[in-house]
$ cat my_file_5.pdb   # PDB, C-alpha atoms and all ligand atoms
ATOM      1  CA  MET A 552     -25.908 -17.259   9.446  1.00  0.00           C
ATOM      2  CA  ARG A 553     -24.568 -14.432  11.521  1.00  0.00           C
ATOM      3  CA  GLY A 554     -21.241 -15.129  13.112  1.00  0.00           C
ATOM      4  CA  GLN A 555     -20.162 -17.472  10.356  1.00  0.00           C
ATOM      5  CA  PRO A 556     -16.470 -16.824   9.699  1.00  0.00           C
ATOM      6  CA  VAL A 557     -16.897 -16.198   5.971  1.00  0.00           C
ATOM      7  CA  ARG A 558     -15.228 -13.274   4.284  1.00  0.00           C
ATOM      8  CA  VAL A 559     -17.579 -12.264   1.541  1.00  0.00           C
ATOM      9  CA  TYR A 560     -15.756  -9.256   0.170  1.00  0.00           C
ATOM     10  CA  LYS A 561     -12.502 -10.332  -1.352  1.00  0.00           C
ATOM     11  CA  ASP A 562      -9.482  -8.291  -0.360  1.00  0.00           C
ATOM     12  CA  TYR A 563     -11.695  -6.088   1.745  1.00  0.00           C
ATOM     13  CA  VAL A 564      -9.692  -3.861   4.031  1.00  0.00           C
ATOM     14  CA  PRO A 565     -11.490  -2.082   6.847  1.00  0.00           C
ATOM     15  CA  VAL A 566     -11.734   1.682   6.672  1.00  0.00           C
ATOM     16  CA  ALA A 567      -8.444   3.227   7.672  1.00  0.00           C
ATOM     17  CA  GLN A 568      -7.791   3.407  11.347  1.00  0.00           C
ATOM     18  CA  ALA A 569      -6.168   6.573  12.556  1.00  0.00           C
ATOM     19  CA  GLY A 570      -2.828   4.829  12.872  1.00  0.00           C
ATOM     20  CA  ASP A 571      -2.865   3.440   9.330  1.00  0.00           C
ATOM     21  CA  CYS A 572      -2.430   6.747   7.612  1.00  0.00           C
ATOM     22  CA  GLY A 573       1.296   6.892   8.145  1.00  0.00           C
ATOM     23  CA  GLN A 574       2.093   3.592   6.468  1.00  0.00           C
ATOM     24  CA  LYS A 575       4.685   3.774   3.722  1.00  0.00           C
ATOM     25  CA  ARG A 576       5.260   1.504   0.782  1.00  0.00           C
ATOM     26  CA  SER A 577       7.439   2.129  -2.226  1.00  0.00           C
ATOM     27  CA  GLN A 578       7.652   0.481  -5.608  1.00  0.00           C
ATOM     28  CA  THR A 579       8.722   1.510  -9.089  1.00  0.00           C
ATOM     29  CA  ILE A 580       6.336   1.539 -12.040  1.00  0.00           C
ATOM     30  CA  GLU A 581       6.922   2.890 -15.537  1.00  0.00           C
ATOM     31  CA  GLY A 582       4.292   5.018 -17.235  1.00  0.00           C
ATOM     32  CA  ASN A 583       3.831   5.836 -20.903  1.00  0.00           C
ATOM     33  CA  PRO A 584       4.008   9.609 -21.510  1.00  0.00           C
ATOM     34  CA  SER A 585       1.687   9.424 -24.508  1.00  0.00           C
ATOM     35  CA  PHE A 586      -1.174   8.217 -22.318  1.00  0.00           C
ATOM     36  CA  MET A 587      -0.519  10.956 -19.788  1.00  0.00           C
ATOM     37  CA  ARG A 588      -0.398  13.493 -22.615  1.00  0.00           C
ATOM     38  CA  ARG A 589      -3.865  12.323 -23.634  1.00  0.00           C
ATOM     39  CA  ALA A 590      -5.189  12.669 -20.075  1.00  0.00           C
ATOM     40  CA  ILE A 591      -3.774  16.193 -19.861  1.00  0.00           C
ATOM     41  CA  ALA A 592      -5.211  17.133 -23.258  1.00  0.00           C
ATOM     42  CA  LEU A 593      -8.618  15.857 -22.155  1.00  0.00           C
ATOM     43  CA  ALA A 594      -8.404  17.958 -19.009  1.00  0.00           C
ATOM     44  CA  THR A 595      -7.510  21.126 -20.875  1.00  0.00           C
ATOM     45  CA  GLU A 596     -10.134  20.542 -23.555  1.00  0.00           C
ATOM     46  CA  ASN A 597     -12.720  19.963 -20.834  1.00  0.00           C
ATOM     47  CA  VAL A 598     -12.057  23.476 -19.571  1.00  0.00           C
ATOM     48  CA  LEU A 599     -11.895  25.178 -22.959  1.00  0.00           C
ATOM     49  CA  SER A 600     -15.120  23.539 -24.081  1.00  0.00           C
ATOM     50  CA  ARG A 601     -16.804  24.638 -20.825  1.00  0.00           C
ATOM     51  CA  VAL A 602     -17.782  21.068 -20.032  1.00  0.00           C
ATOM     52  CA  GLY A 603     -16.240  20.878 -16.583  1.00  0.00           C
ATOM     53  CA  GLY A 604     -13.199  21.083 -14.352  1.00  0.00           C
ATOM     54  CA  PRO A 605      -9.565  20.687 -15.445  1.00  0.00           C
ATOM     55  CA  PHE A 606      -9.384  16.954 -15.006  1.00  0.00           C
ATOM     56  CA  GLY A 607      -8.974  14.100 -17.483  1.00  0.00           C
ATOM     57  CA  ALA A 608      -8.253  10.402 -17.172  1.00  0.00           C
ATOM     58  CA  VAL A 609      -7.659   7.419 -19.399  1.00  0.00           C
ATOM     59  CA  VAL A 610      -7.799   3.724 -18.605  1.00  0.00           C
ATOM     60  CA  VAL A 611      -5.164   1.708 -20.436  1.00  0.00           C
ATOM     61  CA  ARG A 612      -4.948  -2.009 -20.988  1.00  0.00           C
ATOM     62  CA  ASP A 613      -2.459  -3.936 -23.088  1.00  0.00           C
ATOM     63  CA  GLY A 614      -0.931  -0.734 -24.401  1.00  0.00           C
ATOM     64  CA  GLU A 615      -4.231   0.691 -25.649  1.00  0.00           C
ATOM     65  CA  ILE A 616      -6.661   3.239 -24.339  1.00  0.00           C
ATOM     66  CA  LEU A 617      -9.754   1.386 -23.217  1.00  0.00           C
ATOM     67  CA  ALA A 618     -11.749   4.394 -22.073  1.00  0.00           C
ATOM     68  CA  THR A 619     -11.444   8.069 -21.279  1.00  0.00           C
ATOM     69  CA  GLY A 620     -13.166  10.411 -18.884  1.00  0.00           C
ATOM     70  CA  THR A 621     -13.316  14.050 -17.967  1.00  0.00           C
ATOM     71  CA  ASN A 622     -14.819  15.909 -15.077  1.00  0.00           C
ATOM     72  CA  LEU A 623     -18.575  16.185 -15.667  1.00  0.00           C
ATOM     73  CA  VAL A 624     -19.714  17.325 -12.238  1.00  0.00           C
ATOM     74  CA  ALA A 625     -21.248  20.653 -13.263  1.00  0.00           C
ATOM     75  CA  SER A 626     -22.493  19.627 -16.685  1.00  0.00           C
ATOM     76  CA  THR A 627     -24.323  16.543 -15.428  1.00  0.00           C
ATOM     77  CA  ASN A 628     -25.118  17.668 -11.875  1.00  0.00           C
ATOM     78  CA  ASP A 629     -23.287  14.600 -10.623  1.00  0.00           C
ATOM     79  CA  PRO A 630     -20.870  15.185  -7.735  1.00  0.00           C
ATOM     80  CA  THR A 631     -19.313  11.779  -8.364  1.00  0.00           C
ATOM     81  CA  ALA A 632     -18.570  12.457 -12.037  1.00  0.00           C
ATOM     82  CA  HIS A 633     -14.863  13.016 -11.565  1.00  0.00           C
ATOM     83  CA  ALA A 634     -12.664  12.157 -14.529  1.00  0.00           C
ATOM     84  CA  GLU A 635     -11.344   8.927 -13.059  1.00  0.00           C
ATOM     85  CA  VAL A 636     -14.800   7.679 -12.064  1.00  0.00           C
ATOM     86  CA  VAL A 637     -16.187   8.569 -15.495  1.00  0.00           C
ATOM     87  CA  ALA A 638     -13.296   6.716 -17.154  1.00  0.00           C
ATOM     88  CA  ILE A 639     -13.665   3.689 -14.889  1.00  0.00           C
ATOM     89  CA  ARG A 640     -17.396   3.461 -15.619  1.00  0.00           C
ATOM     90  CA  ALA A 641     -16.724   3.659 -19.348  1.00  0.00           C
ATOM     91  CA  ALA A 642     -13.937   1.062 -19.146  1.00  0.00           C
ATOM     92  CA  CYS A 643     -16.131  -1.339 -17.196  1.00  0.00           C
ATOM     93  CA  ARG A 644     -18.926  -0.878 -19.712  1.00  0.00           C
ATOM     94  CA  ALA A 645     -16.475  -1.582 -22.533  1.00  0.00           C
ATOM     95  CA  LEU A 646     -15.221  -4.747 -20.870  1.00  0.00           C
ATOM     96  CA  GLY A 647     -18.554  -5.879 -19.475  1.00  0.00           C
ATOM     97  CA  ASP A 648     -16.825  -6.407 -16.152  1.00  0.00           C
ATOM     98  CA  PHE A 649     -16.678  -4.650 -12.789  1.00  0.00           C
ATOM     99  CA  LYS A 650     -12.982  -5.420 -12.441  1.00  0.00           C
ATOM    100  CA  LEU A 651     -10.205  -3.589 -14.256  1.00  0.00           C
ATOM    101  CA  THR A 652      -7.405  -5.950 -13.358  1.00  0.00           C
ATOM    102  CA  GLY A 653      -4.544  -5.457 -15.783  1.00  0.00           C
ATOM    103  CA  CYS A 654      -5.475  -1.833 -16.378  1.00  0.00           C
ATOM    104  CA  ALA A 655      -3.597   1.332 -15.516  1.00  0.00           C
ATOM    105  CA  VAL A 656      -5.203   4.695 -14.858  1.00  0.00           C
ATOM    106  CA  TYR A 657      -3.563   7.825 -16.202  1.00  0.00           C
ATOM    107  CA  ALA A 658      -5.033  10.871 -14.504  1.00  0.00           C
ATOM    108  CA  SER A 659      -4.122  14.466 -15.241  1.00  0.00           C
ATOM    109  CA  CYS A 660      -4.136  15.044 -11.486  1.00  0.00           C
ATOM    110  CA  GLU A 661      -3.486  12.987  -8.383  1.00  0.00           C
ATOM    111  CA  PRO A 662      -6.796  11.263  -7.573  1.00  0.00           C
ATOM    112  CA  CYS A 663      -9.021  12.558  -4.808  1.00  0.00           C
ATOM    113  CA  PRO A 664     -10.027  10.080  -2.082  1.00  0.00           C
ATOM    114  CA  MET A 665     -13.217   9.105  -3.928  1.00  0.00           C
ATOM    115  CA  CYS A 666     -11.406   8.400  -7.182  1.00  0.00           C
ATOM    116  CA  LEU A 667      -8.542   6.669  -5.417  1.00  0.00           C
ATOM    117  CA  ALA A 668     -11.047   4.392  -3.721  1.00  0.00           C
ATOM    118  CA  ALA A 669     -12.820   3.765  -7.032  1.00  0.00           C
ATOM    119  CA  ILE A 670      -9.505   2.800  -8.619  1.00  0.00           C
ATOM    120  CA  TYR A 671      -8.833   0.394  -5.762  1.00  0.00           C
ATOM    121  CA  TRP A 672     -12.343  -1.080  -5.953  1.00  0.00           C
ATOM    122  CA  ALA A 673     -11.853  -1.556  -9.697  1.00  0.00           C
ATOM    123  CA  ARG A 674      -8.633  -3.472  -8.933  1.00  0.00           C
ATOM    124  CA  CYS A 675      -6.540  -1.432 -11.339  1.00  0.00           C
ATOM    125  CA  ASP A 676      -2.848  -2.298 -11.491  1.00  0.00           C
ATOM    126  CA  ALA A 677      -1.275   1.149 -11.468  1.00  0.00           C
ATOM    127  CA  ILE A 678      -1.967   4.870 -11.236  1.00  0.00           C
ATOM    128  CA  PHE A 679      -0.048   7.595 -13.028  1.00  0.00           C
ATOM    129  CA  TYR A 680      -0.808  11.236 -12.383  1.00  0.00           C
ATOM    130  CA  GLY A 681       0.341  14.603 -13.685  1.00  0.00           C
ATOM    131  CA  ASN A 682      -0.552  17.382 -11.300  1.00  0.00           C
ATOM    132  CA  ARG A 683      -0.184  16.868  -7.586  1.00  0.00           C
ATOM    133  CA  ALA A 684      -2.998  17.301  -5.100  1.00  0.00           C
ATOM    134  CA  ALA A 685      -1.215  20.464  -3.953  1.00  0.00           C
ATOM    135  CA  ASP A 686      -1.385  21.845  -7.500  1.00  0.00           C
ATOM    136  CA  ALA A 687      -5.121  21.126  -7.552  1.00  0.00           C
ATOM    137  CA  SER A 688      -5.430  22.938  -4.251  1.00  0.00           C
ATOM    138  CA  ASP A 689      -3.688  25.980  -5.744  1.00  0.00           C
ATOM    139  CA  ALA A 690      -6.249  25.925  -8.561  1.00  0.00           C
ATOM    140  CA  GLY A 691      -9.148  25.842  -6.104  1.00  0.00           C
ATOM    141  CA  PHE A 692      -9.657  22.093  -5.829  1.00  0.00           C
ATOM    142  CA  ASP A 693      -8.527  21.212  -2.332  1.00  0.00           C
ATOM    143  CA  ASP A 694      -9.086  17.645  -1.199  1.00  0.00           C
ATOM    144  CA  ALA A 695      -6.509  17.462   1.585  1.00  0.00           C
ATOM    145  CA  TRP A 696      -9.292  17.959   4.114  1.00  0.00           C
ATOM    146  CA  LEU A 697     -11.041  14.894   2.755  1.00  0.00           C
ATOM    147  CA  TYR A 698      -7.912  12.790   3.112  1.00  0.00           C
ATOM    148  CA  ARG A 699      -7.714  13.989   6.710  1.00  0.00           C
ATOM    149  CA  GLU A 700     -11.364  13.073   7.314  1.00  0.00           C
ATOM    150  CA  LEU A 701     -10.644   9.481   6.326  1.00  0.00           C
ATOM    151  CA  CYS A 702      -8.140   9.187   9.127  1.00  0.00           C
ATOM    152  CA  LEU A 703     -10.598  10.339  11.774  1.00  0.00           C
ATOM    153  CA  ALA A 704     -12.967   8.200  13.794  1.00  0.00           C
ATOM    154  CA  PRO A 705     -16.568   8.552  12.504  1.00  0.00           C
ATOM    155  CA  GLU A 706     -17.651  10.638  15.471  1.00  0.00           C
ATOM    156  CA  GLN A 707     -14.823  13.117  14.832  1.00  0.00           C
ATOM    157  CA  ARG A 708     -15.683  13.821  11.201  1.00  0.00           C
ATOM    158  CA  LYS A 709     -17.217  17.048   9.858  1.00  0.00           C
ATOM    159  CA  ILE A 710     -20.371  15.287   8.678  1.00  0.00           C
ATOM    160  CA  PRO A 711     -21.976  13.736  11.768  1.00  0.00           C
ATOM    161  CA  MET A 712     -22.339   9.973  11.693  1.00  0.00           C
ATOM    162  CA  LYS A 713     -24.513   7.952  14.025  1.00  0.00           C
ATOM    163  CA  ARG A 714     -25.375   4.277  13.955  1.00  0.00           C
ATOM    164  CA  LEU A 715     -29.069   3.416  13.858  1.00  0.00           C
ATOM    165  CA  MET A 716     -31.008   0.120  13.871  1.00  0.00           C
ATOM    166  CA  ALA A 717     -27.931  -2.081  13.843  1.00  0.00           C
ATOM    167  CA  GLY A 718     -29.935  -5.246  14.457  1.00  0.00           C
ATOM    168  CA  GLU A 719     -32.354  -4.723  11.582  1.00  0.00           C
ATOM    169  CA  ALA A 720     -29.663  -3.561   9.215  1.00  0.00           C
ATOM    170  CA  MET A 721     -27.936  -6.938   9.547  1.00  0.00           C
ATOM    171  CA  ALA A 722     -30.814  -8.550   7.628  1.00  0.00           C
ATOM    172  CA  SER A 723     -29.325  -7.523   4.302  1.00  0.00           C
ATOM    173  CA  PHE A 724     -25.985  -9.136   5.155  1.00  0.00           C
ATOM    174  CA  ASP A 725     -27.772 -12.262   6.302  1.00  0.00           C
ATOM    175  CA  ALA A 726     -29.608 -12.354   2.973  1.00  0.00           C
ATOM    176  CA  TRP A 727     -26.330 -11.916   1.120  1.00  0.00           C
ATOM    177  CA  ARG A 728     -24.557 -14.670   3.037  1.00  0.00           C
ATOM    178  CA  ALA A 729     -27.453 -17.015   2.354  1.00  0.00           C
ATOM    179  CA  LEU A 730     -27.466 -16.312  -1.375  1.00  0.00           C
ATOM    180  CA  PRO A 731     -26.165 -19.425  -3.113  1.00  0.00           C
ATOM    181  CA  ASP A 732     -25.380 -17.781  -6.458  1.00  0.00           C
ATOM    182  CA  ARG A 733     -24.021 -14.451  -5.315  1.00  0.00           C
ATOM    183  CA  ILE A 734     -21.365 -12.689  -7.343  1.00  0.00           C
ATOM    184  CA  ASP A 735     -18.504 -11.884  -4.999  1.00  0.00           C
ATOM    185  CA  TYR A 736     -16.613  -8.704  -5.690  1.00  0.00           C
TER     186      TYR A 736
HETATM  187 ZN    ZN B   1     -11.948  12.478  -7.770  1.00  0.00          ZN
END

$ encode --input "my_file_5.pdb" --output "structure tokens"
Amino acid sequence: MRGQPVRVYKDYVPVAQAGDCGQKRSQTIEGNPSFMRRAIALATENVLSRVGGPFGAVVVRDGEILATGTNLVASTNDPTAHAEVVAIRAACRALGDFKLTGCAVYASCEPCPMCLAAIYWARCDAIFYGNRAADASDAGFDDAWLYRELCLAPEQRKIPMKRLMAGEAMASFDAWRALPDRIDY
């Protein structure tokens, strides 16, 4: 099966090459302030209730809030429990789907690389954010370094990466390609 010119992952875009990071694209989208107000309120409440960091997010579809999320990293010992990821998981549970096409994410702060990627993987239609990444940095939540890491070749990143057992690893892809009833995503 190897070598077959089949693209399994729809819309899959290879990890950013160093030269891709400067690409620019502009478009205009209109957000609803009431949804952003809710995301901000969630973020503030999350702090005041001592649940987690100052981040909130809501997923909106057809003019209604489908799910909400707040930062739960410290309270659940889950480093991936950022507000956007929590909201996306809840929205997908609510819909019984792994795609959030037709949904917009309102986040109290500009998404970090992990959350941005999650929003892309979920196929959301739009992202609205309140605070900028620079504001988060001022509050002690710097993720600029992580954005920079994405633009580096694997061998240049802070966490060392080395390829092992490439031949054997391919077995799982071979199994996937051979699966007649696979669910593409
Ligand atoms: Zn995040």

$ closest_residue --input "my_file_5.pdb" --among "A:Val598, A:Ala668, A:Cys643, A:Ala726" --to "ligand ZN 1 (chain B)" --atoms "all atoms listed in the file"
A:Ala668

$ residues_near_ligand --input "my_file_5.pdb" --ligand "ligand ZN 1 (chain B)" --cutoff "8 Å" --atoms "all atoms listed in the file" --output "PyMOL selection string"
chain A and resi 631-636+662-667

$ write_last_selection --input "my_file_5.pdb" --atoms "C-alpha atoms" --output "mmCIF file, keeping the file's coordinate frame"
data_model
loop_
_atom_site.group_PDB
_atom_site.id
_atom_site.type_symbol
_atom_site.label_atom_id
_atom_site.label_comp_id
_atom_site.auth_asym_id
_atom_site.auth_seq_id
_atom_site.Cartn_x
_atom_site.Cartn_y
_atom_site.Cartn_z
ATOM 1 C CA THR A 631 -19.313 11.779 -8.364
ATOM 2 C CA ALA A 632 -18.570 12.457 -12.037
ATOM 3 C CA HIS A 633 -14.863 13.016 -11.565
ATOM 4 C CA ALA A 634 -12.664 12.157 -14.529
ATOM 5 C CA GLU A 635 -11.344 8.927 -13.059
ATOM 6 C CA VAL A 636 -14.800 7.679 -12.064
ATOM 7 C CA PRO A 662 -6.796 11.263 -7.573
ATOM 8 C CA CYS A 663 -9.021 12.558 -4.808
ATOM 9 C CA PRO A 664 -10.027 10.080 -2.082
ATOM 10 C CA MET A 665 -13.217 9.105 -3.928
ATOM 11 C CA CYS A 666 -11.406 8.400 -7.182
ATOM 12 C CA LEU A 667 -8.542 6.669 -5.417
#

$ resolve_selection --input "my_file_5.pdb" --expression "the PyMOL selection byres (((chain A and resi 594) around 9) and not hetatm)" --output "list of chain:residue names"
A:Arg589, A:Ala590, A:Ile591, A:Ala592, A:Leu593, A:Thr595, A:Glu596, A:Asn597, A:Val598, A:Leu599, A:Gly603, A:Gly604, A:Pro605, A:Phe606, A:Gly607, A:Ala608, A:Gly620, A:Thr621, A:Asn622, A:Ala634, A:Ser659

$ resolve_selection --input "my_file_5.pdb" --expression "the PyMOL selection byres (((chain A and resi 683) around 9) and not hetatm)" --output "PyMOL selection string"
chain A and resi 659-662+680-682+684-688

$ atom_distance --input "my_file_5.pdb" --atom1 "atom CA of Ala677 of chain A" --atom2 "atom CA of Ala658 of chain A"
10.9 Å

$ closest_residue --input "my_file_5.pdb" --among "A:Pro630, A:Phe586, A:Lys709, A:Asp735" --to "Lys650 of chain A" --atoms "only C-alpha atoms"
A:Asp735

$ closest_residue --input "my_file_5.pdb" --among "A:Thr579, A:Cys654, A:Arg733, A:Arg708" --to "Glu615 of chain A" --atoms "all atoms listed in the file"
A:Cys654

$ atom_distance --input "my_file_5.pdb" --atom1 "atom CA of Pro731 of chain A" --atom2 "atom CA of Leu651 of chain A"
25.1 Å

$ resolve_selection --input "my_file_5.pdb" --expression "the PyMOL selection byres (((chain A and resi 617) around 10) and not hetatm)" --output "PyMOL selection string"
chain A and resi 609-616+618-619+638-639+641-643+645-646+654-655

$ atom_distance --input "my_file_5.pdb" --atom1 "atom CA of Arg644 of chain A" --atom2 "atom CA of Asp694 of chain A"
28.0 Å

$ axis_aligned_box --input "my_file_5.pdb" --around "segment 610-628 of chain A" --padding-each-side "6 Å" --output "AutoDock Vina command-line options"
--center_x -13.0 --center_y 8.4 --center_z -18.8 --size_x 36.2 --size_y 36.6 --size_z 25.8

$ closest_residue --input "my_file_5.pdb" --among "A:Trp672, A:Gly691, A:Pro711, A:Ser577" --to "Arg640 of chain A" --atoms "only C-alpha atoms"
A:Trp672

$ closest_residue --input "my_file_5.pdb" --among "A:Tyr698, A:Trp727, A:Tyr736, A:Tyr657" --to "Asp676 of chain A" --atoms "all atoms listed in the file"
A:Tyr657
